[in-house]
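Chemist: This is the content of data-v2.pdb (PDB, C-alpha atoms, pLDDT in the B column):
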ATOM      1  CA  GLY E   1      -2.030  21.891   4.074  1.00 57.00           C
ATOM      2  CA  ALA E   2      -3.688  19.176   6.110  1.00 84.00           C
ATOM      3  CA  GLY E   3      -5.449  16.387   4.293  1.00 94.00           C
ATOM      4  CA  VAL E   4      -8.633  14.551   5.221  1.00 97.00           C
ATOM      5  CA  SER E   5      -8.401  13.051   8.688  1.00 97.00           C
ATOM      6  CA  GLN E   6     -10.456  10.237  10.163  1.00 97.00           C
ATOM      7  CA  THR E   7     -10.805   8.999  13.706  1.00 97.00           C
ATOM      8  CA  PRO E   8     -10.427   6.463  15.095  1.00 97.00           C
ATOM      9  CA  SER E   9      -8.040   4.655  12.773  1.00 96.00           C
ATOM     10  CA  ASN E  10      -9.221   1.337  14.169  1.00 97.00           C
ATOM     11  CA  LYS E  11     -12.406   0.399  15.974  1.00 98.00           C
ATOM     12  CA  VAL E  12     -13.233  -3.005  17.390  1.00 98.00           C
ATOM     13  CA  THR E  13     -16.730  -3.495  18.708  1.00 97.00           C
ATOM     14  CA  GLU E  14     -19.136  -6.238  19.582  1.00 97.00           C
ATOM     15  CA  LYS E  15     -22.159  -7.235  17.588  1.00 97.00           C
ATOM     16  CA  GLY E  16     -25.145  -5.099  18.513  1.00 97.00           C
ATOM     17  CA  LYS E  17     -23.168  -2.093  19.707  1.00 98.00           C
ATOM     18  CA  TYR E  18     -23.365   1.480  18.401  1.00 98.00           C
ATOM     19  CA  VAL E  19     -20.348   3.157  16.758  1.00 98.00           C
ATOM     20  CA  GLU E  20     -19.482   6.614  15.507  1.00 98.00           C
ATOM     21  CA  LEU E  21     -16.816   7.333  12.927  1.00 98.00           C
ATOM     22  CA  ARG E  22     -15.544  10.846  12.425  1.00 98.00           C
ATOM     23  CA  CYS E  23     -14.271  12.634   9.340  1.00 98.00           C
ATOM     24  CA  ASP E  24     -12.543  16.006   9.200  1.00 97.00           C
ATOM     25  CA  PRO E  25     -12.381  17.207   5.577  1.00 97.00           C
ATOM     26  CA  ILE E  26      -9.877  19.493   3.926  1.00 96.00           C
ATOM     27  CA  SER E  27     -10.561  23.073   4.963  1.00 94.00           C
ATOM     28  CA  GLY E  28     -12.785  24.873   2.468  1.00 92.00           C
ATOM     29  CA  HIS E  29     -14.080  21.725   0.794  1.00 93.00           C
ATOM     30  CA  THR E  30     -17.850  21.891   0.499  1.00 93.00           C
ATOM     31  CA  ALA E  31     -18.452  18.322  -0.626  1.00 94.00           C
ATOM     32  CA  LEU E  32     -17.925  15.330   1.657  1.00 96.00           C
ATOM     33  CA  TYR E  33     -18.344  11.645   0.844  1.00 97.00           C
ATOM     34  CA  TRP E  34     -18.403   8.376   2.767  1.00 98.00           C
ATOM     35  CA  TYR E  35     -17.421   5.089   1.163  1.00 98.00           C
ATOM     36  CA  ARG E  36     -16.965   1.560   2.483  1.00 98.00           C
ATOM     37  CA  GLN E  37     -14.250  -0.785   1.275  1.00 97.00           C
ATOM     38  CA  SER E  38     -14.301  -4.513   1.911  1.00 95.00           C
ATOM     39  CA  LEU E  39     -11.212  -6.657   1.490  1.00 91.00           C
ATOM     40  CA  GLY E  40     -10.245  -7.091  -2.140  1.00 89.00           C
ATOM     41  CA  GLN E  41     -12.932  -4.736  -3.409  1.00 93.00           C
ATOM     42  CA  GLY E  42     -13.128  -1.178  -4.617  1.00 95.00           C
ATOM     43  CA  PRO E  43     -14.707   1.450  -2.380  1.00 97.00           C
ATOM     44  CA  GLU E  44     -18.512   1.549  -2.435  1.00 97.00           C
ATOM     45  CA  PHE E  45     -20.393   4.809  -2.121  1.00 97.00           C
ATOM     46  CA  LEU E  46     -22.505   5.369   0.983  1.00 98.00           C
ATOM     47  CA  ILE E  47     -23.521   9.036   1.227  1.00 97.00           C
ATOM     48  CA  TYR E  48     -22.577  12.473  -0.089  1.00 95.00           C
ATOM     49  CA  PHE E  49     -22.968  15.865   1.572  1.00 95.00           C
ATOM     50  CA  GLN E  50     -22.972  19.221  -0.116  1.00 93.00           C
ATOM     51  CA  GLY E  51     -22.623  21.670   2.743  1.00 90.00           C
ATOM     52  CA  THR E  52     -24.771  20.522   5.661  1.00 92.00           C
ATOM     53  CA  GLY E  53     -27.306  18.527   3.700  1.00 90.00           C
ATOM     54  CA  ALA E  54     -27.131  14.968   2.458  1.00 91.00           C
ATOM     55  CA  ALA E  55     -27.388  15.357  -1.307  1.00 90.00           C
ATOM     56  CA  ASP E  56     -27.377  11.614  -2.002  1.00 93.00           C
ATOM     57  CA  ASP E  57     -27.748   8.851   0.591  1.00 94.00           C
ATOM     58  CA  SER E  58     -28.627   6.120  -1.876  1.00 94.00           C
ATOM     59  CA  GLY E  59     -25.635   4.006  -0.870  1.00 95.00           C
ATOM     60  CA  LEU E  60     -26.542   3.561   2.787  1.00 96.00           C
ATOM     61  CA  PRO E  61     -27.270  -0.173   3.114  1.00 95.00           C
ATOM     62  CA  ASN E  62     -30.136   0.120   5.597  1.00 94.00           C
ATOM     63  CA  ASP E  63     -31.590   2.308   8.324  1.00 95.00           C
ATOM     64  CA  ARG E  64     -28.939   1.268  10.840  1.00 97.00           C
ATOM     65  CA  PHE E  65     -26.597   3.643   9.039  1.00 97.00           C
ATOM     66  CA  PHE E  66     -26.877   7.397   9.419  1.00 96.00           C
ATOM     67  CA  ALA E  67     -24.542  10.322   8.827  1.00 97.00           C
ATOM     68  CA  VAL E  68     -24.566  13.988   9.776  1.00 96.00           C
ATOM     69  CA  ARG E  69     -22.603  17.107   8.937  1.00 96.00           C
ATOM     70  CA  PRO E  70     -24.253  19.748  11.122  1.00 94.00           C
ATOM     71  CA  GLU E  71     -21.932  22.677  10.440  1.00 92.00           C
ATOM     72  CA  GLY E  72     -20.853  21.833   6.925  1.00 89.00           C
ATOM     73  CA  SER E  73     -17.406  20.677   7.962  1.00 94.00           C
ATOM     74  CA  VAL E  74     -16.848  17.628  10.211  1.00 97.00           C
ATOM     75  CA  SER E  75     -19.048  14.640   9.515  1.00 98.00           C
ATOM     76  CA  THR E  76     -19.965  11.657  11.654  1.00 98.00           C
ATOM     77  CA  LEU E  77     -21.073   8.288  10.324  1.00 98.00           C
ATOM     78  CA  LYS E  78     -23.210   6.444  12.853  1.00 98.00           C
ATOM     79  CA  ILE E  79     -23.948   2.736  12.814  1.00 98.00           C
ATOM     80  CA  GLN E  80     -26.529   1.261  15.159  1.00 97.00           C
ATOM     81  CA  ARG E  81     -26.815  -2.382  16.218  1.00 97.00           C
ATOM     82  CA  THR E  82     -23.622  -3.324  14.401  1.00 98.00           C
ATOM     83  CA  GLU E  83     -23.442  -6.650  12.606  1.00 97.00           C
ATOM     84  CA  ARG E  84     -20.405  -8.731  11.637  1.00 97.00           C
ATOM     85  CA  GLY E  85     -21.104  -7.870   7.993  1.00 96.00           C
ATOM     86  CA  ASP E  86     -20.448  -4.196   8.765  1.00 97.00           C
ATOM     87  CA  SER E  87     -16.755  -4.977   9.206  1.00 97.00           C
ATOM     88  CA  ALA E  88     -14.844  -3.004   6.572  1.00 97.00           C
ATOM     89  CA  VAL E  89     -12.689   0.075   6.092  1.00 97.00           C
ATOM     90  CA  TYR E  90     -14.817   3.206   6.097  1.00 98.00           C
ATOM     91  CA  LEU E  91     -13.337   5.919   3.911  1.00 98.00           C
ATOM     92  CA  CYS E  92     -14.114   9.601   3.891  1.00 98.00           C
ATOM     93  CA  ALA E  93     -13.305  11.942   1.012  1.00 97.00           C
ATOM     94  CA  SER E  94     -13.765  15.626   0.361  1.00 96.00           C
ATOM     95  CA  SER E  95     -13.678  17.801  -2.716  1.00 94.00           C
ATOM     96  CA  LEU E  96     -13.670  21.519  -3.331  1.00 92.00           C
ATOM     97  CA  ASN E  97     -17.040  21.293  -5.015  1.00 85.00           C
ATOM     98  CA  ARG E  98     -19.169  18.915  -7.032  1.00 80.00           C
ATOM     99  CA  ASN E  99     -17.493  16.812  -9.714  1.00 78.00           C
ATOM    100  CA  ASN E 100     -14.006  17.803  -8.635  1.00 85.00           C
ATOM    101  CA  GLU E 101     -11.377  15.298  -7.660  1.00 91.00           C
ATOM    102  CA  GLN E 102     -12.057  13.657  -4.312  1.00 94.00           C
ATOM    103  CA  PHE E 103      -9.259  13.431  -1.758  1.00 95.00           C
ATOM    104  CA  PHE E 104      -9.461  10.496   0.607  1.00 96.00           C
ATOM    105  CA  GLY E 105      -8.589  10.092   4.251  1.00 96.00           C
ATOM    106  CA  PRO E 106      -6.712   7.117   5.693  1.00 95.00           C
ATOM    107  CA  GLY E 107      -9.924   5.335   6.668  1.00 97.00           C
ATOM    108  CA  THR E 108     -11.311   3.755   9.810  1.00 98.00           C
ATOM    109  CA  ARG E 109     -11.007  -0.018  10.006  1.00 97.00           C
ATOM    110  CA  LEU E 110     -14.135  -1.294  11.751  1.00 98.00           C
ATOM    111  CA  THR E 111     -14.169  -4.818  13.108  1.00 98.00           C
ATOM    112  CA  VAL E 112     -17.387  -6.216  14.532  1.00 98.00           C
ATOM    113  CA  LEU E 113     -16.840  -9.318  16.641  1.00 96.00           C
TER     114      LEU E 113
ATOM    115  CA  ALA I   1     -26.431   1.843 -15.332  1.00 80.00           C
ATOM    116  CA  GLN I   2     -22.958   2.881 -14.305  1.00 90.00           C
ATOM    117  CA  LYS I   3     -20.244   0.265 -14.238  1.00 95.00           C
ATOM    118  CA  VAL I   4     -16.457   0.135 -14.259  1.00 97.00           C
ATOM    119  CA  THR I   5     -14.627  -3.030 -15.248  1.00 97.00           C
ATOM    120  CA  GLN I   6     -10.987  -3.700 -14.525  1.00 98.00           C
ATOM    121  CA  ALA I   7     -10.489  -7.142 -15.977  1.00 97.00           C
ATOM    122  CA  GLN I   8      -6.885  -7.517 -14.818  1.00 97.00           C
ATOM    123  CA  THR I   9      -6.933  -8.685 -11.225  1.00 97.00           C
ATOM    124  CA  GLU I  10      -3.175  -8.808 -10.790  1.00 97.00           C
ATOM    125  CA  ILE I  11      -0.160  -7.927 -12.916  1.00 98.00           C
ATOM    126  CA  SER I  12       3.475  -8.684 -12.140  1.00 98.00           C
ATOM    127  CA  VAL I  13       6.342  -7.015 -13.961  1.00 97.00           C
ATOM    128  CA  VAL I  14      10.041  -6.563 -13.504  1.00 97.00           C
ATOM    129  CA  GLU I  15      11.404  -3.107 -12.857  1.00 97.00           C
ATOM    130  CA  LYS I  16      11.817  -0.908 -15.951  1.00 97.00           C
ATOM    131  CA  GLU I  17       9.122  -2.727 -17.878  1.00 97.00           C
ATOM    132  CA  ASP I  18       6.186  -0.726 -19.232  1.00 98.00           C
ATOM    133  CA  VAL I  19       2.762  -1.808 -18.022  1.00 98.00           C
ATOM    134  CA  THR I  20      -0.790  -0.883 -19.052  1.00 98.00           C
ATOM    135  CA  LEU I  21      -3.767  -1.147 -16.739  1.00 98.00           C
ATOM    136  CA  ASP I  22      -7.093  -1.484 -18.512  1.00 98.00           C
ATOM    137  CA  CYS I  23     -10.356   0.219 -17.585  1.00 98.00           C
ATOM    138  CA  VAL I  24     -13.678  -0.106 -19.383  1.00 98.00           C
ATOM    139  CA  TYR I  25     -16.710   1.867 -18.276  1.00 98.00           C
ATOM    140  CA  GLU I  26     -20.448   1.964 -18.917  1.00 96.00           C
ATOM    141  CA  THR I  27     -22.681   4.992 -18.633  1.00 95.00           C
ATOM    142  CA  ARG I  28     -25.763   6.401 -20.335  1.00 92.00           C
ATOM    143  CA  ASP I  29     -24.790   9.999 -19.598  1.00 92.00           C
ATOM    144  CA  THR I  30     -23.017  12.226 -22.082  1.00 92.00           C
ATOM    145  CA  THR I  31     -21.317  14.200 -19.302  1.00 93.00           C
ATOM    146  CA  TYR I  32     -19.205  12.155 -16.958  1.00 94.00           C
ATOM    147  CA  TYR I  33     -15.812  12.044 -15.298  1.00 94.00           C
ATOM    148  CA  LEU I  34     -13.167   9.349 -15.142  1.00 95.00           C
ATOM    149  CA  PHE I  35     -10.557   8.931 -12.446  1.00 96.00           C
ATOM    150  CA  TRP I  36      -7.586   6.824 -11.487  1.00 97.00           C
ATOM    151  CA  TYR I  37      -6.516   6.304  -7.891  1.00 97.00           C
ATOM    152  CA  LYS I  38      -3.528   4.483  -6.419  1.00 97.00           C
ATOM    153  CA  GLN I  39      -3.814   2.532  -3.155  1.00 97.00           C
ATOM    154  CA  PRO I  40      -0.343   1.611  -1.863  1.00 95.00           C
ATOM    155  CA  PRO I  41       0.146  -0.953   0.913  1.00 91.00           C
ATOM    156  CA  SER I  42      -0.345   1.815   3.473  1.00 88.00           C
ATOM    157  CA  GLY I  43      -3.995   1.858   2.393  1.00 89.00           C
ATOM    158  CA  GLU I  44      -4.658   5.518   1.635  1.00 92.00           C
ATOM    159  CA  LEU I  45      -6.163   6.243  -1.768  1.00 95.00           C
ATOM    160  CA  VAL I  46      -4.062   8.682  -3.775  1.00 96.00           C
ATOM    161  CA  PHE I  47      -5.658  10.719  -6.555  1.00 95.00           C
ATOM    162  CA  LEU I  48      -3.834  10.436  -9.892  1.00 96.00           C
ATOM    163  CA  ILE I  49      -6.035  11.947 -12.585  1.00 94.00           C
ATOM    164  CA  ARG I  50      -9.508  13.244 -13.432  1.00 93.00           C
ATOM    165  CA  ARG I  51     -10.731  13.481 -17.000  1.00 93.00           C
ATOM    166  CA  ASN I  52     -14.076  14.787 -18.252  1.00 92.00           C
ATOM    167  CA  SER I  53     -15.993  13.154 -21.064  1.00 93.00           C
ATOM    168  CA  PHE I  54     -15.469  16.037 -23.464  1.00 92.00           C
ATOM    169  CA  ASP I  55     -11.710  15.911 -23.319  1.00 89.00           C
ATOM    170  CA  GLU I  56     -10.305  12.941 -25.211  1.00 86.00           C
ATOM    171  CA  GLN I  57      -6.763  14.210 -25.306  1.00 85.00           C
ATOM    172  CA  ASN I  58      -4.260  11.780 -23.946  1.00 87.00           C
ATOM    173  CA  GLU I  59      -2.367  12.967 -20.917  1.00 88.00           C
ATOM    174  CA  ILE I  60       1.190  12.393 -19.783  1.00 90.00           C
ATOM    175  CA  SER I  61       2.578  13.122 -16.355  1.00 92.00           C
ATOM    176  CA  GLY I  62       6.142  11.948 -15.918  1.00 95.00           C
ATOM    177  CA  ARG I  63       6.162   8.168 -16.268  1.00 96.00           C
ATOM    178  CA  TYR I  64       2.366   8.022 -16.228  1.00 96.00           C
ATOM    179  CA  SER I  65       0.119   8.364 -19.258  1.00 96.00           C
ATOM    180  CA  TRP I  66      -3.567   7.897 -19.853  1.00 96.00           C
ATOM    181  CA  ASN I  67      -5.416   6.941 -23.031  1.00 96.00           C
ATOM    182  CA  PHE I  68      -9.095   7.911 -23.142  1.00 95.00           C
ATOM    183  CA  GLN I  69     -11.121   6.470 -26.026  1.00 94.00           C
ATOM    184  CA  LYS I  70     -14.854   7.124 -26.034  1.00 93.00           C
ATOM    185  CA  SER I  71     -15.350   4.842 -29.035  1.00 93.00           C
ATOM    186  CA  THR I  72     -14.367   1.843 -26.915  1.00 95.00           C
ATOM    187  CA  SER I  73     -15.430   3.298 -23.526  1.00 96.00           C
ATOM    188  CA  SER I  74     -11.925   2.807 -22.222  1.00 97.00           C
ATOM    189  CA  PHE I  75      -9.599   4.842 -20.040  1.00 97.00           C
ATOM    190  CA  ASN I  76      -6.322   2.938 -19.849  1.00 97.00           C
ATOM    191  CA  PHE I  77      -3.351   3.813 -17.700  1.00 97.00           C
ATOM    192  CA  THR I  78       0.261   3.168 -18.685  1.00 97.00           C
ATOM    193  CA  ILE I  79       3.293   3.291 -16.440  1.00 97.00           C
ATOM    194  CA  THR I  80       6.547   3.601 -18.347  1.00 97.00           C
ATOM    195  CA  ALA I  81       9.760   2.193 -16.902  1.00 97.00           C
ATOM    196  CA  SER I  82       8.006   0.824 -13.822  1.00 97.00           C
ATOM    197  CA  GLN I  83       9.629   1.060 -10.400  1.00 97.00           C
ATOM    198  CA  VAL I  84       9.202  -0.953  -7.215  1.00 97.00           C
ATOM    199  CA  VAL I  85       7.456   2.061  -5.635  1.00 96.00           C
ATOM    200  CA  ASP I  86       4.710   1.701  -8.237  1.00 97.00           C
ATOM    201  CA  SER I  87       3.576  -1.502  -6.522  1.00 97.00           C
ATOM    202  CA  ALA I  88       0.013  -0.859  -5.380  1.00 98.00           C
ATOM    203  CA  VAL I  89      -3.620  -1.492  -6.206  1.00 98.00           C
ATOM    204  CA  TYR I  90      -4.884   0.865  -8.879  1.00 98.00           C
ATOM    205  CA  PHE I  91      -8.548   1.790  -9.144  1.00 98.00           C
ATOM    206  CA  CYS I  92     -10.395   3.287 -12.062  1.00 98.00           C
ATOM    207  CA  ALA I  93     -13.588   5.179 -11.206  1.00 97.00           C
ATOM    208  CA  LEU I  94     -16.489   6.914 -12.928  1.00 96.00           C
ATOM    209  CA  SER I  95     -18.869   9.637 -11.842  1.00 94.00           C
ATOM    210  CA  GLU I  96     -21.807  11.044 -13.737  1.00 90.00           C
ATOM    211  CA  ALA I  97     -22.379  14.777 -13.730  1.00 84.00           C
ATOM    212  CA  ASP I  98     -25.702  14.649 -11.931  1.00 80.00           C
ATOM    213  CA  THR I  99     -24.774  12.139  -9.241  1.00 81.00           C
ATOM    214  CA  ASP I 100     -21.220  12.999  -8.191  1.00 84.00           C
ATOM    215  CA  LYS I 101     -20.548   9.701  -6.432  1.00 92.00           C
ATOM    216  CA  LEU I 102     -17.592   7.634  -7.600  1.00 95.00           C
ATOM    217  CA  ILE I 103     -18.243   4.176  -8.964  1.00 96.00           C
ATOM    218  CA  PHE I 104     -15.052   2.159  -8.607  1.00 97.00           C
ATOM    219  CA  GLY I 105     -13.797  -0.874 -10.432  1.00 97.00           C
ATOM    220  CA  THR I 106     -12.495  -3.829  -8.472  1.00 96.00           C
ATOM    221  CA  GLY I 107      -8.912  -2.684  -8.885  1.00 97.00           C
ATOM    222  CA  THR I 108      -5.754  -4.092 -10.415  1.00 98.00           C
ATOM    223  CA  ARG I 109      -2.928  -5.156  -8.115  1.00 98.00           C
ATOM    224  CA  LEU I 110       0.411  -4.247  -9.673  1.00 98.00           C
ATOM    225  CA  GLN I 111       3.551  -5.865  -8.347  1.00 98.00           C
ATOM    226  CA  VAL I 112       6.880  -4.555  -9.600  1.00 97.00           C
ATOM    227  CA  PHE I 113       9.834  -6.774  -8.788  1.00 97.00           C
ATOM    228  CA  PRO I 114      13.419  -5.525  -8.672  1.00 95.00           C
TER     229      PRO I 114
END
Now that the file is in, can you turn its structure into structure tokens?

Modeler:
Amino acid sequence: GAGVSQTPSNKVTEKGKYVELRCDPISGHTALYWYRQSLGQGPEFLIYFQGTGAADDSGLPNDRFFAVRPEGSVSTLKIQRTERGDSAVYLCASSLNRNNEQFFGPGTRLTVL
Amino acid sequence: AQKVTQAQTEISVVEKEDVTLDCVYETRDTTYYLFWYKQPPSGELVFLIRRNSFDEQNEISGRYSWNFQKSTSSFNFTITASQVVDSAVYFCALSEADTDKLIFGTGTRLQVFP
């Protein structure tokens, strides 16, 4: 079946702009996660949804970052007033339920100029 | 606090050699999960294995094997008879039962030369 998909694959924006990154999880997976990976580093946790609600948003770096999952499927990560330090690959993962293996999408490479 | 340490930044081997990637973790929880992921040059993270803290049996899957030792807080990964296609960055990760988020190590870049 289809894996996790993310759009766009690449996003270039200017400092101060607003961006939205989309994640479409594997069908039937109730848990959805966002991570951020900088060059040469492991992915860092941002936020986790169980169904429609954010179960853990402790990884969001500041209030410029926000994510939603209104119908318990597709999720959107929103970044306001982007900064050059936000440049990274944003990864989405989904799992059947809590504590199961997480399957990752291909990521969105965000570049803030 | 949760932490995963992959001390080997980069390993280079010649095809058909065996190679072991080390992973040491820290957690205060008694229930936790350990994972290995592969990130090939294409960039997409590929799930390899998940192991819970109550199952210390070693696991073998083809050329891959994993050694979980709670006494040393280690979860090492061995590739037998390495192949060029094994070249990738390998990440070890930990999640605690009540948090669910993955804590990744910094990864080990494996290069297999023909």

Chemist: Specify as a PyMOL selection string all residues of chain E found within 6 Å of chain I, counting all atoms listed in the file.

Modeler: chain E and resi 41-42+99+104+106

Chemist: Report as a ChimeraX atom specification the residues that result from applying the PyMOL selection byres ((chain E and resi 111) around 10) to the structure here.

Modeler: /E:10-15,82-89,108-110,112-113

Chemist: Grab the CA of Thr7 in chain E to CA of Pro40 in chain I distance for me, in Å with one decimal place.

Modeler: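 According to the coordinates, CA of Thr7 in chain E and CA of Pro40 in chain I are separated by 20.2 Å.
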
Chemist: Quick one: 8 Å padding each side, axis-aligned, all listed atoms of range 4-10 of chain I - centre and edge lengths in Å to one decimal, as lines of an AutoDock Vina configuration file?

Modeler:
center_x = -9.8
center_y = -4.3
center_z = -13.4
size_x = 29.3
size_y = 24.9
size_z = 21.2

Chemist: What is the CA of Arg36 in chain E to CA of Thr5 in chain I distance in Å?

Modeler: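 It comes out at 18.5 Å.
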
Chemist: Quick one: residues within 6 Å of Ile47 in chain E, only C-alpha atoms, excluding same-chain residues fewer than 3 positions away - as an NGL selection string?

Modeler: :E and (33-34 or 56-57 or 59)

Chemist: Would you mind telling me which residue in E:Ser58, E:Ser94, E:Gly3, E:Glu20 lies nearest to Gly72 in chain E when using all atoms listed in the file?

Modeler: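 Comparing E:Ser58, E:Ser94, E:Gly3, E:Glu20 against Gly72 in chain E, the winner is E:Ser94.
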
Chemist: Grab the CA of Glu15 in chain I to CA of Tyr64 in chain I distance for me, in Å with one decimal place.

Modeler: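 Between these atoms lies a distance of 14.7 Å.
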
Chemist: Since I can't run it myself right now, could you work out what the PyMOL selection byres ((chain I and resi 74) around 10) selects here and report it as a list in words?

Modeler: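 Checked against the file, the PyMOL selection byres ((chain I and resi 74) around 10) matches Val4, Thr5, Asp22, Cys23, Val24, Tyr25, Glu26, Leu34, Asn67, Phe68, Gln69, Lys70, Ser71, Thr72, Ser73, Phe75, Asn76 and Phe77 of chain I.
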
Chemist: With all atoms listed in the file as the counted atoms, please give the residues lying no more than 7 Å from Thr76 in chain E, apart from itself and same-chain residues fewer than 4 positions off, as a PyMOL selection string.

Modeler: chain E and resi 20-23+67-69

Chemist: Which residue, E:Val4, E:Arg81, E:Ser75, E:Phe103, has the smallest gap to Asn62 in chain E when you use only C-alpha atoms?

Modeler: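 That would be E:Arg81, the residue with the smallest distance to Asn62 in chain E.
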
Chemist: Specify as a PyMOL selection string each residue included when the PyMOL selection byres ((chain I and resi 20) around 6) is applied to this file.

Modeler: chain I and resi 19+21+77-78
